[in-house]
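Engineer: Next up, my_file.txt (compact mmCIF, C-alpha atoms and all ligand atoms).
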# COMPACT_ATOMS: atom_id res chain seq x y z
CA MET A 857 53.27 -23.77 -17.23
CA ARG A 858 53.58 -26.81 -14.90
CA THR A 859 50.82 -27.81 -12.54
CA VAL A 860 50.95 -30.44 -9.80
CA ALA A 861 47.68 -31.53 -8.25
CA PRO A 862 47.19 -34.28 -5.68
CA THR A 863 46.63 -37.79 -7.03
CA PRO A 864 42.88 -38.24 -7.40
CA ILE A 865 42.58 -42.00 -7.97
CA GLU A 866 39.99 -42.90 -5.39
CA TRP A 867 40.24 -46.68 -5.63
CA ALA A 868 44.05 -46.95 -5.73
CA THR A 869 45.71 -48.52 -2.69
CA ALA A 870 47.98 -46.31 -0.58
CA GLU A 871 50.96 -48.11 -2.10
CA GLN A 872 49.71 -47.55 -5.67
CA SER A 873 49.00 -43.86 -4.98
CA GLU A 874 52.46 -43.39 -3.54
CA TYR A 875 53.97 -45.15 -6.53
CA TYR A 876 51.91 -43.02 -8.93
CA ASP A 877 53.17 -39.85 -7.27
CA TRP A 878 56.75 -41.08 -7.31
CA VAL A 879 56.58 -41.75 -11.08
CA ARG A 880 54.84 -38.43 -11.68
CA ARG A 881 57.51 -36.51 -9.78
CA PHE A 882 60.18 -38.31 -11.80
CA ALA A 883 58.38 -37.54 -15.09
CA LEU A 884 58.00 -33.87 -14.15
CA SER A 885 61.75 -33.71 -13.54
CA LEU A 886 62.65 -34.75 -17.12
CA PRO A 887 64.18 -31.98 -19.27
CA ASP A 888 61.50 -29.79 -20.80
CA ASP A 889 63.01 -29.26 -24.22
CA THR A 890 60.30 -30.91 -26.30
CA ARG A 891 59.22 -27.86 -28.29
CA THR A 892 62.48 -27.52 -30.20
CA ARG A 893 62.99 -31.26 -30.55
CA ASP A 894 59.43 -31.58 -31.91
CA ARG A 895 60.19 -28.92 -34.50
CA ASP A 896 63.35 -30.75 -35.58
CA SER A 897 62.04 -34.33 -35.03
CA VAL A 898 64.78 -35.15 -32.50
CA PHE A 899 64.63 -38.16 -30.17
CA SER A 900 65.88 -37.62 -26.60
CA TRP A 901 68.52 -40.22 -25.80
CA GLU A 902 69.01 -38.54 -22.44
CA SER A 903 65.38 -38.84 -21.32
CA TRP A 904 65.16 -42.37 -22.73
CA ALA A 905 68.16 -43.38 -20.59
CA SER A 906 66.65 -41.69 -17.50
CA CYS A 907 63.35 -43.56 -17.97
CA GLY A 908 65.28 -46.81 -18.44
CA GLU A 909 67.28 -46.27 -15.26
CA PHE A 910 64.12 -45.34 -13.40
CA GLY A 911 62.72 -48.78 -14.24
CA ILE A 912 59.58 -48.01 -16.25
CA MET A 913 60.37 -50.15 -19.28
CA GLY A 914 60.45 -53.53 -17.59
CA LEU A 915 57.73 -52.90 -15.04
CA PRO A 916 55.51 -55.94 -15.73
CA VAL A 917 58.43 -58.34 -16.27
CA PRO A 918 59.55 -60.62 -13.38
CA GLU A 919 62.53 -59.40 -11.39
CA GLU A 920 64.64 -62.42 -12.35
CA TYR A 921 64.76 -61.03 -15.92
CA GLY A 922 65.56 -57.48 -14.82
CA GLY A 923 61.97 -56.27 -14.61
CA GLY A 924 59.93 -54.66 -11.86
CA GLY A 925 57.52 -57.56 -11.19
CA ALA A 926 54.49 -55.24 -11.18
CA ASP A 927 50.92 -56.25 -12.01
CA VAL A 928 49.20 -54.79 -15.06
CA VAL A 929 47.09 -52.23 -13.14
CA THR A 930 50.17 -50.87 -11.33
CA THR A 931 52.03 -50.74 -14.66
CA MET A 932 49.14 -48.74 -16.12
CA LEU A 933 49.18 -46.31 -13.21
CA ALA A 934 52.90 -45.75 -13.78
CA LEU A 935 52.33 -45.12 -17.49
CA GLU A 936 49.52 -42.70 -16.70
CA ALA A 937 51.84 -40.82 -14.35
CA LEU A 938 54.51 -40.77 -17.07
CA GLY A 939 51.97 -39.44 -19.60
CA TYR A 940 50.96 -36.77 -17.08
CA GLY A 941 54.41 -35.55 -16.14
CA CYS A 942 56.40 -36.01 -19.34
CA ARG A 943 55.55 -33.41 -21.96
CA ASP A 944 57.37 -35.35 -24.64
CA ALA A 945 54.46 -37.49 -25.90
CA GLY A 946 56.73 -38.84 -28.66
CA LEU A 947 59.15 -40.21 -26.07
CA VAL A 948 56.26 -41.71 -24.07
CA PHE A 949 54.99 -43.30 -27.30
CA SER A 950 58.44 -44.75 -28.09
CA ILE A 951 58.65 -46.18 -24.57
CA ASN A 952 55.21 -47.77 -24.93
CA ALA A 953 56.06 -49.18 -28.39
CA HIS A 954 59.28 -50.65 -26.99
CA MET A 955 57.47 -52.23 -24.04
CA TRP A 956 54.49 -53.78 -25.82
CA THR A 957 56.12 -54.78 -29.10
CA SER A 958 59.47 -56.08 -27.87
CA VAL A 959 59.72 -56.43 -24.07
CA ILE A 960 56.40 -58.28 -23.69
CA PRO A 961 56.83 -60.65 -26.69
CA VAL A 962 60.38 -61.60 -25.67
CA TRP A 963 59.21 -62.21 -22.10
CA THR A 964 56.07 -64.19 -23.02
CA TYR A 965 57.30 -66.13 -26.09
CA GLY A 966 61.11 -66.09 -25.88
CA SER A 967 63.16 -69.21 -25.16
CA GLU A 968 65.20 -69.14 -21.97
CA ASP A 969 68.30 -68.30 -24.06
CA GLN A 970 66.52 -65.44 -25.83
CA LYS A 971 65.27 -64.04 -22.54
CA ARG A 972 68.75 -64.22 -21.00
CA LYS A 973 70.25 -62.58 -24.09
CA TRP A 974 67.81 -59.68 -24.56
CA LEU A 975 65.40 -59.13 -21.72
CA SER A 976 67.30 -57.40 -18.95
CA ASP A 977 68.86 -54.89 -21.38
CA LEU A 978 65.44 -54.21 -22.94
CA CYS A 979 63.96 -53.73 -19.45
CA SER A 980 66.66 -51.24 -18.49
CA GLY A 981 66.44 -49.37 -21.81
CA ARG A 982 70.10 -50.10 -22.61
CA LEU A 983 68.71 -51.74 -25.73
CA ILE A 984 65.80 -50.40 -27.78
CA GLY A 985 63.29 -52.66 -29.49
CA CYS A 986 60.52 -52.41 -32.05
CA HIS A 987 58.35 -54.62 -34.21
CA ALA A 988 57.86 -54.56 -37.96
CA ILE A 989 54.57 -55.90 -39.25
CA THR A 990 53.00 -53.20 -41.44
CA GLU A 991 53.88 -53.21 -45.16
CA PRO A 992 53.12 -50.66 -47.87
CA GLU A 993 50.25 -52.86 -49.16
CA ALA A 994 49.27 -54.46 -45.82
CA GLY A 995 48.19 -51.99 -43.11
CA SER A 996 44.90 -52.73 -41.34
CA ASP A 997 44.92 -56.07 -43.15
CA ALA A 998 48.34 -56.79 -41.61
CA PHE A 999 48.24 -60.51 -42.38
CA ALA A 1000 48.01 -59.81 -46.08
CA MET A 1001 51.77 -59.30 -45.65
CA LYS A 1002 54.08 -60.38 -48.45
CA ALA A 1003 57.33 -60.65 -46.44
CA THR A 1004 58.65 -64.19 -46.54
CA ALA A 1005 61.04 -66.23 -44.42
CA LYS A 1006 62.21 -69.21 -46.46
CA PRO A 1007 63.55 -72.14 -44.43
CA VAL A 1008 67.14 -73.04 -45.41
CA GLN A 1009 69.75 -75.14 -43.71
CA ASP A 1010 70.26 -73.87 -40.11
CA GLY A 1011 67.94 -70.93 -40.50
CA PHE A 1012 65.73 -68.73 -42.67
CA VAL A 1013 66.24 -66.21 -45.46
CA LEU A 1014 63.92 -63.21 -45.17
CA ASN A 1015 62.73 -60.83 -47.86
CA GLY A 1016 60.23 -57.99 -47.63
CA ARG A 1017 59.61 -54.33 -46.95
CA LYS A 1018 58.11 -52.92 -43.76
CA THR A 1019 56.85 -49.39 -43.20
CA PHE A 1020 55.83 -46.99 -40.38
CA ILE A 1021 58.14 -48.78 -37.91
CA THR A 1022 58.30 -46.83 -34.65
CA ASN A 1023 61.80 -46.79 -33.07
CA ALA A 1024 63.42 -48.45 -36.11
CA PRO A 1025 66.05 -45.68 -36.55
CA VAL A 1026 67.25 -46.12 -32.95
CA ALA A 1027 66.49 -49.82 -32.44
CA ASP A 1028 68.97 -52.52 -31.47
CA LEU A 1029 66.44 -55.30 -31.96
CA ILE A 1030 63.72 -55.52 -34.62
CA ILE A 1031 61.03 -58.19 -34.35
CA VAL A 1032 60.15 -58.90 -37.97
CA PHE A 1033 56.96 -60.73 -38.96
CA ALA A 1034 57.12 -62.80 -42.15
CA ARG A 1035 55.49 -65.83 -43.77
CA THR A 1036 57.30 -69.10 -43.17
CA SER A 1037 54.66 -71.08 -45.02
CA ASP A 1038 51.62 -70.52 -47.19
CA GLY A 1039 48.48 -69.85 -45.23
CA VAL A 1040 45.47 -67.61 -44.98
CA GLY A 1041 45.56 -64.59 -42.65
CA PRO A 1042 47.78 -65.13 -39.61
CA PHE A 1043 48.37 -68.81 -40.40
CA GLY A 1044 51.94 -69.37 -41.56
CA VAL A 1045 53.24 -66.08 -40.14
CA SER A 1046 56.27 -66.24 -37.81
CA ALA A 1047 58.19 -63.66 -35.78
CA PHE A 1048 61.99 -63.27 -35.81
CA LEU A 1049 64.35 -61.48 -33.43
CA ILE A 1050 66.80 -59.67 -35.70
CA PRO A 1051 69.60 -57.50 -34.29
CA ALA A 1052 69.99 -54.13 -36.04
CA GLY A 1053 72.91 -54.18 -38.45
CA THR A 1054 72.30 -57.77 -39.56
CA ASP A 1055 73.39 -58.20 -43.19
CA GLY A 1056 70.43 -57.84 -45.52
CA MET A 1057 68.31 -55.68 -43.19
CA THR A 1058 68.45 -51.91 -43.80
CA VAL A 1059 66.65 -49.18 -41.89
CA GLY A 1060 65.58 -46.27 -44.11
CA GLY A 1061 65.86 -42.55 -43.39
CA GLY A 1062 63.47 -41.18 -40.77
CA MET A 1063 59.83 -40.64 -41.78
CA GLU A 1064 58.55 -37.16 -40.96
CA LYS A 1065 55.21 -37.12 -39.11
CA MET A 1066 52.41 -34.73 -38.21
CA GLY A 1067 52.75 -35.50 -34.49
CA LEU A 1068 54.78 -37.68 -32.13
CA ARG A 1069 57.68 -36.18 -34.02
CA THR A 1070 60.24 -36.96 -31.31
CA SER A 1071 59.48 -40.66 -31.73
CA PRO A 1072 61.68 -41.92 -34.57
CA MET A 1073 60.08 -43.94 -37.40
CA ALA A 1074 61.42 -45.55 -40.56
CA GLU A 1075 60.95 -48.17 -43.23
CA VAL A 1076 62.81 -51.47 -42.90
CA MET A 1077 64.05 -53.15 -46.06
CA ILE A 1078 64.89 -56.85 -45.91
CA ASP A 1079 66.79 -58.40 -48.81
CA ASP A 1080 68.06 -61.97 -48.59
CA CYS A 1081 68.62 -61.56 -44.86
CA PHE A 1082 69.82 -64.81 -43.29
CA VAL A 1083 68.94 -65.46 -39.66
CA PRO A 1084 69.81 -68.60 -37.68
CA VAL A 1085 67.05 -70.92 -36.55
CA THR A 1086 67.53 -69.65 -32.98
CA SER A 1087 66.16 -66.25 -34.10
CA ILE A 1088 62.61 -67.45 -34.33
CA LEU A 1089 60.41 -66.15 -31.51
CA GLY A 1090 58.00 -68.80 -30.23
CA LYS A 1091 57.23 -71.51 -32.74
CA PRO A 1092 57.02 -71.34 -36.54
CA GLY A 1093 53.53 -70.12 -37.40
CA GLN A 1094 53.00 -68.48 -33.99
CA GLY A 1095 53.44 -64.94 -35.34
CA GLY A 1096 49.71 -64.19 -35.39
CA GLU A 1097 49.33 -65.11 -31.72
CA ILE A 1098 52.44 -63.10 -30.76
CA PHE A 1099 51.09 -60.07 -32.61
CA HIS A 1100 47.67 -60.34 -30.91
CA THR A 1101 49.28 -60.62 -27.46
CA SER A 1102 51.36 -57.50 -28.17
CA MET A 1103 48.29 -55.63 -29.36
CA GLU A 1104 46.21 -56.57 -26.29
CA TRP A 1105 48.91 -55.10 -24.05
CA GLU A 1106 49.56 -52.13 -26.29
CA ARG A 1107 45.94 -51.11 -26.86
CA ALA A 1108 45.19 -51.21 -23.15
CA CYS A 1109 48.42 -49.82 -21.70
CA ILE A 1110 49.41 -47.15 -24.22
CA MET A 1111 46.07 -45.48 -23.56
CA SER A 1112 47.00 -45.08 -19.87
CA SER A 1113 49.61 -42.56 -20.94
CA GLN A 1114 46.92 -40.70 -22.89
CA VAL A 1115 44.78 -40.55 -19.73
CA GLY A 1116 47.70 -38.81 -18.00
CA MET A 1117 48.12 -36.43 -20.91
CA MET A 1118 44.41 -35.52 -20.86
CA ARG A 1119 44.50 -34.96 -17.12
CA ARG A 1120 47.39 -32.55 -17.42
CA THR A 1121 45.55 -30.66 -20.16
CA LEU A 1122 42.36 -30.52 -18.06
CA GLU A 1123 44.34 -28.92 -15.23
CA THR A 1124 46.06 -26.48 -17.57
CA CYS A 1125 42.77 -25.45 -19.19
CA THR A 1126 40.91 -25.13 -15.88
CA ALA A 1127 43.61 -22.85 -14.47
CA TYR A 1128 43.68 -20.81 -17.68
CA ALA A 1129 39.88 -20.44 -17.89
CA ARG A 1130 39.79 -19.25 -14.28
CA GLN A 1131 42.34 -16.50 -14.77
CA ARG A 1132 41.66 -15.40 -18.37
CA ARG A 1133 39.10 -12.57 -18.29
CA GLN A 1134 37.03 -11.35 -21.22
CA PHE A 1135 33.96 -9.10 -21.13
CA GLY A 1136 34.70 -8.41 -17.47
CA LYS A 1137 34.72 -11.95 -16.09
CA PRO A 1138 36.76 -15.16 -16.19
CA ILE A 1139 35.99 -17.18 -19.33
CA ALA A 1140 35.32 -20.21 -17.04
CA LYS A 1141 32.08 -18.42 -16.08
CA TYR A 1142 30.78 -18.84 -19.63
CA GLU A 1143 28.74 -22.00 -19.90
CA SER A 1144 30.17 -23.02 -23.25
CA ILE A 1145 33.70 -22.97 -21.77
CA ALA A 1146 32.67 -24.67 -18.50
CA ASP A 1147 30.94 -27.40 -20.52
CA LYS A 1148 34.15 -28.11 -22.41
CA LEU A 1149 35.99 -28.48 -19.09
CA ALA A 1150 33.23 -30.76 -17.78
CA ASN A 1151 33.50 -32.90 -20.94
CA MET A 1152 37.27 -33.17 -20.40
CA LYS A 1153 36.70 -34.35 -16.84
CA ILE A 1154 34.20 -36.96 -18.06
CA ALA A 1155 36.73 -38.07 -20.70
CA VAL A 1156 39.54 -38.47 -18.12
CA ASP A 1157 37.43 -40.42 -15.61
CA ALA A 1158 35.72 -42.69 -18.15
CA SER A 1159 39.00 -43.32 -19.98
CA ARG A 1160 40.78 -44.37 -16.82
CA ALA A 1161 37.94 -46.70 -15.86
CA LEU A 1162 38.05 -48.37 -19.29
CA VAL A 1163 41.83 -48.89 -19.41
CA MET A 1164 41.89 -50.17 -15.84
CA ARG A 1165 39.08 -52.63 -16.58
CA ALA A 1166 41.20 -54.10 -19.38
CA GLY A 1167 44.24 -54.18 -17.06
CA TRP A 1168 42.28 -55.81 -14.26
CA LEU A 1169 41.08 -58.56 -16.64
CA MET A 1170 44.66 -59.12 -17.81
CA ASP A 1171 45.79 -59.38 -14.18
CA GLN A 1172 43.17 -62.13 -13.69
CA GLY A 1173 44.63 -63.97 -16.69
CA ARG A 1174 41.40 -63.36 -18.60
CA ASP A 1175 40.99 -62.43 -22.24
CA ALA A 1176 40.76 -58.66 -22.69
CA MET A 1177 40.90 -58.29 -26.48
CA VAL A 1178 37.46 -56.66 -26.77
CA GLU A 1179 37.87 -54.57 -23.60
CA ALA A 1180 41.28 -53.35 -24.84
CA ALA A 1181 39.66 -52.41 -28.17
CA VAL A 1182 36.87 -50.55 -26.33
CA ALA A 1183 39.46 -48.66 -24.24
CA LYS A 1184 41.67 -47.92 -27.25
CA THR A 1185 38.80 -46.52 -29.31
CA PHE A 1186 37.22 -44.47 -26.53
CA VAL A 1187 40.43 -43.02 -25.09
CA SER A 1188 42.13 -42.17 -28.38
CA GLU A 1189 39.00 -40.40 -29.67
CA ALA A 1190 38.42 -38.66 -26.31
CA ASN A 1191 42.04 -37.48 -26.39
CA VAL A 1192 41.54 -35.86 -29.81
CA ARG A 1193 38.31 -34.13 -28.66
CA THR A 1194 39.94 -33.02 -25.40
CA HIS A 1195 42.85 -31.40 -27.19
CA ALA A 1196 40.70 -29.79 -29.88
CA ASP A 1197 38.63 -28.26 -27.04
CA ALA A 1198 41.81 -27.24 -25.24
CA VAL A 1199 43.00 -25.26 -28.28
CA GLN A 1200 39.57 -23.57 -28.37
CA ILE A 1201 39.67 -22.67 -24.65
CA LEU A 1202 43.11 -21.10 -24.96
CA GLY A 1203 42.02 -19.24 -28.10
CA GLY A 1204 44.87 -17.72 -30.12
CA TYR A 1205 47.37 -18.82 -27.46
CA GLY A 1206 46.22 -22.42 -27.89
CA TYR A 1207 47.09 -22.20 -31.58
CA MET A 1208 50.66 -21.04 -30.86
CA THR A 1209 53.44 -23.60 -30.49
CA GLU A 1210 54.67 -21.84 -27.33
CA PHE A 1211 51.70 -23.08 -25.29
CA GLU A 1212 52.27 -26.71 -26.35
CA ILE A 1213 48.56 -27.49 -26.75
CA GLU A 1214 48.61 -27.56 -30.55
CA ARG A 1215 51.43 -30.11 -30.32
CA ALA A 1216 49.35 -32.25 -27.97
CA LEU A 1217 46.49 -32.18 -30.49
CA ARG A 1218 48.85 -33.31 -33.27
CA ASP A 1219 50.24 -36.02 -30.98
CA ALA A 1220 46.73 -37.16 -30.00
CA LEU A 1221 45.62 -37.67 -33.61
CA GLY A 1222 48.05 -40.55 -34.09
CA GLY A 1223 46.22 -42.52 -31.41
CA THR A 1224 43.23 -43.26 -33.64
CA ILE A 1225 45.56 -44.85 -36.23
CA TYR A 1226 48.43 -46.76 -34.55
CA SER A 1227 47.83 -50.18 -32.93
CA GLY A 1228 44.87 -50.61 -35.28
CA THR A 1229 42.63 -47.76 -36.43
CA SER A 1230 39.35 -46.81 -34.73
CA GLU A 1231 37.50 -48.43 -37.62
CA ILE A 1232 39.33 -51.72 -37.04
CA GLN A 1233 38.76 -51.54 -33.26
CA ARG A 1234 35.02 -51.21 -33.97
CA ARG A 1235 35.26 -54.37 -36.14
CA ILE A 1236 36.82 -56.21 -33.17
CA ILE A 1237 34.14 -54.89 -30.79
CA ALA A 1238 31.33 -55.81 -33.22
CA ARG A 1239 32.80 -59.31 -33.63
CA GLY A 1240 32.72 -59.60 -29.83
CA LEU A 1241 29.00 -58.83 -30.04
CA GLY A 1242 28.64 -61.69 -32.50
CA VAL A 1243 27.84 -59.46 -35.48
C1 LIG B 1 52.30 -43.14 -35.26
C2 LIG B 1 52.26 -44.50 -35.88
C3 LIG B 1 53.09 -45.50 -35.40
C4 LIG B 1 53.11 -46.76 -36.00
N1 LIG B 1 53.99 -47.71 -35.55
C5 LIG B 1 54.05 -48.93 -36.16
C6 LIG B 1 55.02 -49.92 -35.75
O1 LIG B 1 55.81 -49.69 -34.83
N2 LIG B 1 55.06 -51.10 -36.40
C7 LIG B 1 54.20 -51.41 -37.42
O2 LIG B 1 54.29 -52.52 -37.96
N3 LIG B 1 53.26 -50.50 -37.83
C8 LIG B 1 53.16 -49.28 -37.24
N4 LIG B 1 52.25 -48.33 -37.64
C9 LIG B 1 51.35 -48.66 -38.73
C10 LIG B 1 49.90 -48.79 -38.31
O3 LIG B 1 49.70 -49.99 -37.61
C11 LIG B 1 49.02 -48.67 -39.57
O4 LIG B 1 49.15 -47.34 -40.06
C12 LIG B 1 47.57 -48.96 -39.29
O5 LIG B 1 47.38 -50.31 -38.95
C13 LIG B 1 46.68 -48.62 -40.51
O6 LIG B 1 47.20 -49.13 -41.69
P1 LIG B 1 47.34 -48.17 -42.98
O7 LIG B 1 48.03 -46.94 -42.52
O8 LIG B 1 47.95 -48.94 -44.07
O9 LIG B 1 45.87 -47.75 -43.35
P2 LIG B 1 44.80 -48.62 -44.17
O10 LIG B 1 44.71 -49.98 -43.62
O11 LIG B 1 45.06 -48.46 -45.63
O12 LIG B 1 43.44 -47.85 -43.79
C14 LIG B 1 43.03 -46.63 -44.42
C15 LIG B 1 41.64 -46.31 -43.89
O13 LIG B 1 40.72 -47.37 -44.22
C16 LIG B 1 40.11 -47.87 -43.04
N5 LIG B 1 39.88 -49.32 -43.15
C17 LIG B 1 40.74 -50.28 -43.55
N6 LIG B 1 40.18 -51.49 -43.47
C18 LIG B 1 38.92 -51.29 -43.00
C19 LIG B 1 37.83 -52.16 -42.68
N7 LIG B 1 37.91 -53.48 -42.79
N8 LIG B 1 36.68 -51.60 -42.22
C20 LIG B 1 36.56 -50.25 -42.09
N9 LIG B 1 37.57 -49.39 -42.36
C21 LIG B 1 38.73 -49.90 -42.81
C22 LIG B 1 41.10 -47.56 -41.93
O14 LIG B 1 40.48 -47.58 -40.67
C23 LIG B 1 41.60 -46.19 -42.35
O15 LIG B 1 40.68 -45.22 -41.97
C24 LIG B 1 52.23 -47.06 -37.08
C25 LIG B 1 51.37 -46.04 -37.55
C26 LIG B 1 51.39 -44.79 -36.97
C27 LIG B 1 50.47 -43.73 -37.52
Output the file's structure in the form of structure tokens.

Structural biologist:
Amino acid sequence: MRTVAPTPIEWATAEQSEYYDWVRRFALSLPDDTRTRDRDSVFSWESWASCGEFGIMGLPVPEEYGGGGADVVTTMLALEALGYGCRDAGLVFSINAHMWTSVIPVWTYGSEDQKRKWLSDLCSGRLIGCHAITEPEAGSDAFAMKATAKPVQDGFVLNGRKTFITNAPVADLIIVFARTSDGVGPFGVSAFLIPAGTDGMTVGGGMEKMGLRTSPMAEVMIDDCFVPVTSILGKPGQGGEIFHTSMEWERACIMSSQVGMMRRTLETCTAYARQRRQFGKPIAKYESIADKLANMKIAVDASRALVMRAGWLMDQGRDAMVEAAVAKTFVSEANVRTHADAVQILGGYGYMTEFEIERALRDALGGTIYSGTSEIQRRIIARGLGV
């Protein structure tokens, strides 16, 4: 069931609204084969390539590096439209992971040579990127990482094991975080650009997930992996800063796609509740159902306002770490509630895979874990309050 409503973003400029609609129409035209690929955990190379050609992946990057030269708010609108039109939330997640954990760090911290080598192909989607920070014993406390990068003549030798790495099975470039020197927390952590297939770096078999199943994930094993000195991204010891920059972008922008997803579900549920009759009238006429729809509308509007506030601050060159954490926490939790309510509104049909709402609920649940859990976001927000 596909619904297309007019773009209701009151404050967007005419140009932004037109752009939003253009992206939405493109996203709606992508093949709708997600149900079977979700069942079998299959990534869509075809849709990835279409999104790359369309120009989504390099949107905020300057045109001279193959990007779209868009501001952050316009980028967010495009990602919302993608989240609205594309039913493959795993693909949308992989695109977001690629953008915030490889495109943005290479653009903002890469040397001119690194940018010339990687950026335009990352922007066009011809190459796929990811970042590897999490380890089996270092999740929320990411900088408790044990991976090391020992300086040797002309380069570094890396050792370590990374887990839960989105896109790793399909990636051409893996940004690996490892300790180049002793230090506490982020101090002494550096980031390395390592092409897939480099001797000493092995990507494990795919990890099977509850949701976002069309987004490939794997462990990355690094054993005596030599990389030349030119592989380092930014400066030695700058890994913590690179990671925080990635996370500011990711937490704010990835949630835009969830706003689009919630909006599509609100429209689906409203249409369903209007036409589904029980006890002689449409179920929308029952207050408990109408209240759920009203709560969904509140979730969509408040979520968009929060992500856009973070984007607006980033466009002004201002720090948005706390605002991105506020948006990430609110939107990811609202998305879970919205989709739990959606299953309830559709009743037995909502529980069936055919109606694609149960999948959206499974996909939504990942949002309170990746890019830092809700609990960790609340730590960041509380720190911002000085407590
Ligand atoms: C879909 C998905 C995609 C991912 N993609 C990537 C990727 O591309 N690259 C990558 O490096 N990693 C990735 N991750 C890993 C992700 O960043 C971690 O799962 C996340 O940071 C949590 O770490 P953990 O799973 O080890 O949980 P833990 O850190 O062990 O946390 C377990 C529980 O304890 C809570 N907790 C921990 N510390 C505190 C605290 N101080 N205060 C209160 N509560 C706390 C947590 O909130 C959580 O509820 C991905 C994860 C998922 C689910």

Engineer: Using only C-alpha atoms and all ligand atoms, find each residue in chain A having at least one atom no more than 6 Å away from ligand LIG 1 (chain B); report its shortest atom-to-atom pair and that distance in Å (one decimal), rows by chain then rising number, as a tab-separated table.

Structural biologist:
residue	atom	partner	partner_atom	distance
A:His987	CA	B:LIG1	N2	5.3
A:Ala988	CA	B:LIG1	O2	4.1
A:Ile989	CA	B:LIG1	O2	3.6
A:Thr990	CA	B:LIG1	O2	3.8
A:Ala994	CA	B:LIG1	O8	5.9
A:Gly995	CA	B:LIG1	O8	3.2
A:Ser996	CA	B:LIG1	O10	3.6
A:Phe1020	CA	B:LIG1	N4	4.7
A:Ile1021	CA	B:LIG1	C6	4.0
A:Thr1022	CA	B:LIG1	O1	3.8
A:Gly1222	CA	B:LIG1	C1	5.1
A:Ile1225	CA	B:LIG1	C27	5.2
A:Tyr1226	CA	B:LIG1	C25	4.3
A:Ser1227	CA	B:LIG1	O3	5.0
A:Gly1228	CA	B:LIG1	O5	4.5
A:Thr1229	CA	B:LIG1	O14	4.8
A:Glu1231	CA	B:LIG1	O14	4.3
A:Ile1232	CA	B:LIG1	O14	5.6

Engineer: Give one line per residue of range 1100-1217 of chain A that approaches range 937-945 of chain A to at most 10 Å, naming the two atoms of the closest pair and their distance in Å to one decimal, counting all atoms listed in the file; sort by chain then ascending residue number and deliver it as CSV.

Structural biologist:
residue,atom,partner,partner_atom,distance
A:Ile1110,CA,A:Gly939,CA,9.3
A:Met1111,CA,A:Gly939,CA,9.3
A:Ser1112,CA,A:Gly939,CA,7.5
A:Ser1113,CA,A:Gly939,CA,4.1
A:Gln1114,CA,A:Gly939,CA,6.2
A:Val1115,CA,A:Gly939,CA,7.3
A:Gly1116,CA,A:Tyr940,CA,4.0
A:Met1117,CA,A:Tyr940,CA,4.8
A:Met1118,CA,A:Tyr940,CA,7.7
A:Arg1119,CA,A:Tyr940,CA,6.7
A:Arg1120,CA,A:Tyr940,CA,5.5
A:Thr1121,CA,A:Tyr940,CA,8.7
A:Glu1212,CA,A:Arg943,CA,8.7
A:Arg1215,CA,A:Ala945,CA,9.1
A:Ala1216,CA,A:Ala945,CA,7.6

Engineer: Can you tell me, as an mmCIF file with C-alpha atoms, keeping the file's coordinate frame, what residues are no more than 6 Å from Asp894 in chain A when counting only C-alpha atoms, ignoring any on the same chain fewer than 3 positions away?

Structural biologist:
data_model
loop_
_atom_site.group_PDB
_atom_site.id
_atom_site.type_symbol
_atom_site.label_atom_id
_atom_site.label_comp_id
_atom_site.auth_asym_id
_atom_site.auth_seq_id
_atom_site.Cartn_x
_atom_site.Cartn_y
_atom_site.Cartn_z
ATOM 1 C CA THR A 890 60.300 -30.910 -26.300
ATOM 2 C CA ARG A 891 59.220 -27.860 -28.290
ATOM 3 C CA SER A 897 62.040 -34.330 -35.030
ATOM 4 C CA ARG A 1069 57.680 -36.180 -34.020
ATOM 5 C CA THR A 1070 60.240 -36.960 -31.310
#

Engineer: At a cut-off of 12 Å, using only C-alpha atoms, what residues contact Phe1211 in chain A? Leave out same-chain residues fewer than 3 positions from it and give the result as a PyMOL selection string.

Structural biologist: chain A and resi 857-858+890-891+943+1121+1124-1125+1128+1198-1199+1202-1208+1214-1217

Engineer: Take the residues that were just selected and, keeping C-alpha atoms, output them as a CSV table (one decimal), in the frame of the given file.

Structural biologist:
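Final output, saved to result.csv:
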chain,number,residue,atom,x,y,z
A,857,MET,CA,53.3,-23.8,-17.2
A,858,ARG,CA,53.6,-26.8,-14.9
A,890,THR,CA,60.3,-30.9,-26.3
A,891,ARG,CA,59.2,-27.9,-28.3
A,943,ARG,CA,55.6,-33.4,-22.0
A,1121,THR,CA,45.6,-30.7,-20.2
A,1124,THR,CA,46.1,-26.5,-17.6
A,1125,CYS,CA,42.8,-25.4,-19.2
A,1128,TYR,CA,43.7,-20.8,-17.7
A,1198,ALA,CA,41.8,-27.2,-25.2
A,1199,VAL,CA,43.0,-25.3,-28.3
A,1202,LEU,CA,43.1,-21.1,-25.0
A,1203,GLY,CA,42.0,-19.2,-28.1
A,1204,GLY,CA,44.9,-17.7,-30.1
A,1205,TYR,CA,47.4,-18.8,-27.5
A,1206,GLY,CA,46.2,-22.4,-27.9
A,1207,TYR,CA,47.1,-22.2,-31.6
A,1208,MET,CA,50.7,-21.0,-30.9
A,1214,GLU,CA,48.6,-27.6,-30.6
A,1215,ARG,CA,51.4,-30.1,-30.3
A,1216,ALA,CA,49.4,-32.2,-28.0
A,1217,LEU,CA,46.5,-32.2,-30.5

Engineer: If you measure from CA of Val1178 in chain A to CA of Ser1159 in chain A, what distance in Å do you get, rounded to one decimal?

Structural biologist: 15.0 Å
